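Notes for the one structure printed next.
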Amino acid sequence: MGRAVPPQLVSDFLGSAQVLATAVTEVVEERLLREIAGEALTLSQFKLLKLVANTDAHSVGDVAAFLGVSNAAASKAVDKLVRRKQLVRAEGRLDRRAAVLSLTARSRRLLAAYDAARDQKLTEIFRAFSPEELEHTTEILDRLSAGLLDHDAKPEETCLQCGIYFRQKCLLRKLVGRQCFYANHRSRGEPEAESNGENGAEPPQ
């Protein structure tokens, strides 16, 4: 049994975590995306492209499970990217009702440009830290995330979207030993034609 943690330390950690999350989202992701894509792509749309590029999410149903939205909402989000020539939607070879998603040459160029700009920016920032410090910090953050999720009543319904950040394994499976919602969706093979739109979450705009 570990020692009791002072409430003030818990509060300080939550504050620092919030500052880090905001800095990553607003200073790194959103600002870099504006520099690369201008106003043509929102951050949520960009993450949808990263999802298709870096995971096995190749259908609208996969996108819905990953983003935690209904199939109808995911389909609308995909439609916008198809119209903007960022995604291609084709019929599945085994099931014509299943739309298979893939990136276009335009979206691949955009993702490559973003990754190069991000790596350059973060390499300059991270130069102040040793590889060992960054590795140790990453490990601590992962363990804390897993600890928080392990106390959730339904951690299997939580998707951390690990795949868009080049995670080889779902963090929940790796550290908590449970199947994440996305993995469960894949194993169930839910057909996207059964969407009922009951999930109230908003799709990427």
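Following the order of the structure tokens, chains are lettered A, B, ..., residues in each are numbered from 1, and ligands are numbered from 1.
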
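The protein and nucleic acid residues lying at most 9 Å from region 29-38 of chain A are Ala23, Val24, Thr25, Glu26, Leu41, Thr42, Leu43, Phe46, Leu110, Ala113, Tyr114, Ala117 and Arg118 of chain A, with only C-alpha atoms considered and sequence neighbours fewer than 3 positions away removed.
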
Keeping only C-alpha atoms, write the selected residues as a CSV table (one decimal), in the first residue's frame.
chain,number,residue,atom,x,y,z
A,23,ALA,CA,-0.8,23.6,-24.6
A,24,VAL,CA,-0.6,20.4,-26.7
A,25,THR,CA,-4.1,21.1,-28.2
A,26,GLU,CA,-4.0,24.8,-28.7
A,41,LEU,CA,-9.6,21.5,-42.0
A,42,THR,CA,-10.7,21.5,-38.3
A,43,LEU,CA,-8.7,19.6,-35.6
A,46,PHE,CA,-7.6,16.2,-39.0
A,110,LEU,CA,-1.1,17.3,-45.6
A,113,ALA,CA,3.6,18.2,-43.9
A,114,TYR,CA,2.0,18.4,-40.5
A,117,ALA,CA,6.4,20.6,-38.9
A,118,ARG,CA,5.4,19.0,-35.6

Practice item. Name the residues in contact with Lys85 (chain A) at a cut-off of 9 Å, using only C-alpha atoms, excluding same-chain residues fewer than 6 positions from it; report them as a list in words. Key: Leu103, Thr104, Ala105, Arg106 and Ser107 of chain A

Create the file for the chosen residues now, containing N, CA and C atoms and written as a PDB file, in the first residue's frame.
ATOM      1  N   LEU A 103      -7.156   7.267 -47.570  1.00  0.00           N
ATOM      2  CA  LEU A 103      -6.701   8.641 -47.756  1.00  0.00           C
ATOM      3  C   LEU A 103      -6.494   8.938 -49.246  1.00  0.00           C
ATOM      4  N   THR A 104      -6.583  10.205 -49.600  1.00  0.00           N
ATOM      5  CA  THR A 104      -6.243  10.645 -50.944  1.00  0.00           C
ATOM      6  C   THR A 104      -4.802  11.128 -50.944  1.00  0.00           C
ATOM      7  N   ALA A 105      -4.265  11.378 -52.125  1.00  0.00           N
ATOM      8  CA  ALA A 105      -2.905  11.918 -52.228  1.00  0.00           C
ATOM      9  C   ALA A 105      -2.828  13.272 -51.523  1.00  0.00           C
ATOM     10  N   ARG A 106      -3.915  14.053 -51.625  1.00  0.00           N
ATOM     11  CA  ARG A 106      -3.936  15.374 -50.978  1.00  0.00           C
ATOM     12  C   ARG A 106      -3.830  15.244 -49.469  1.00  0.00           C
ATOM     13  N   SER A 107      -4.618  14.350 -48.872  1.00  0.00           N
ATOM     14  CA  SER A 107      -4.586  14.214 -47.417  1.00  0.00           C
ATOM     15  C   SER A 107      -3.275  13.611 -46.937  1.00  0.00           C
TER      16      SER A 107
END

Review point. In Å, with one decimal, what is the gap from CA of Gly61 (chain A) to CA of Ala112 (chain A)?
Key: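 Atom-to-atom, CA of Gly61 (chain A) and CA of Ala112 (chain A) are spaced 25.7 Å apart.
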
Practice item. Could you jot down the CA of Phe13 (chain A) to CA of Val27 (chain A) separation for me, Å, one decimal place? Key: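 These atoms are spaced 20.2 Å apart.
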
Taking only region 77-141 of chain A into account, list the residues labelled strand (DSSP E) by DSSP (computed from the backbone), as a PDB file with C-alpha atoms, in the first residue's frame.
ATOM      1  CA  LEU A  87     -10.985  10.780 -48.131  1.00  0.00           C
ATOM      2  CA  VAL A  88     -12.101   8.137 -50.623  1.00  0.00           C
ATOM      3  CA  ARG A  89     -15.070   5.924 -49.797  1.00  0.00           C
ATOM      4  CA  ALA A  90     -15.460   2.626 -51.677  1.00  0.00           C
ATOM      5  CA  GLU A  91     -17.635  -0.451 -51.340  1.00  0.00           C
ATOM      6  CA  ALA A  99     -17.891   1.648 -46.914  1.00  0.00           C
ATOM      7  CA  VAL A 100     -14.102   1.254 -46.902  1.00  0.00           C
ATOM      8  CA  LEU A 101     -12.191   4.487 -46.264  1.00  0.00           C
ATOM      9  CA  SER A 102      -8.768   5.470 -47.534  1.00  0.00           C
ATOM     10  CA  LEU A 103      -6.701   8.641 -47.756  1.00  0.00           C
TER      11      LEU A 103
END

Review point. Among region 4-157 of chain A, which residues carry a DSSP assignment of helix (DSSP H, G or I), reported as a PyMOL selection string?
Key: chain A and resi 7-37+43-54+60-67+71-83+105-126+131-150+155-157
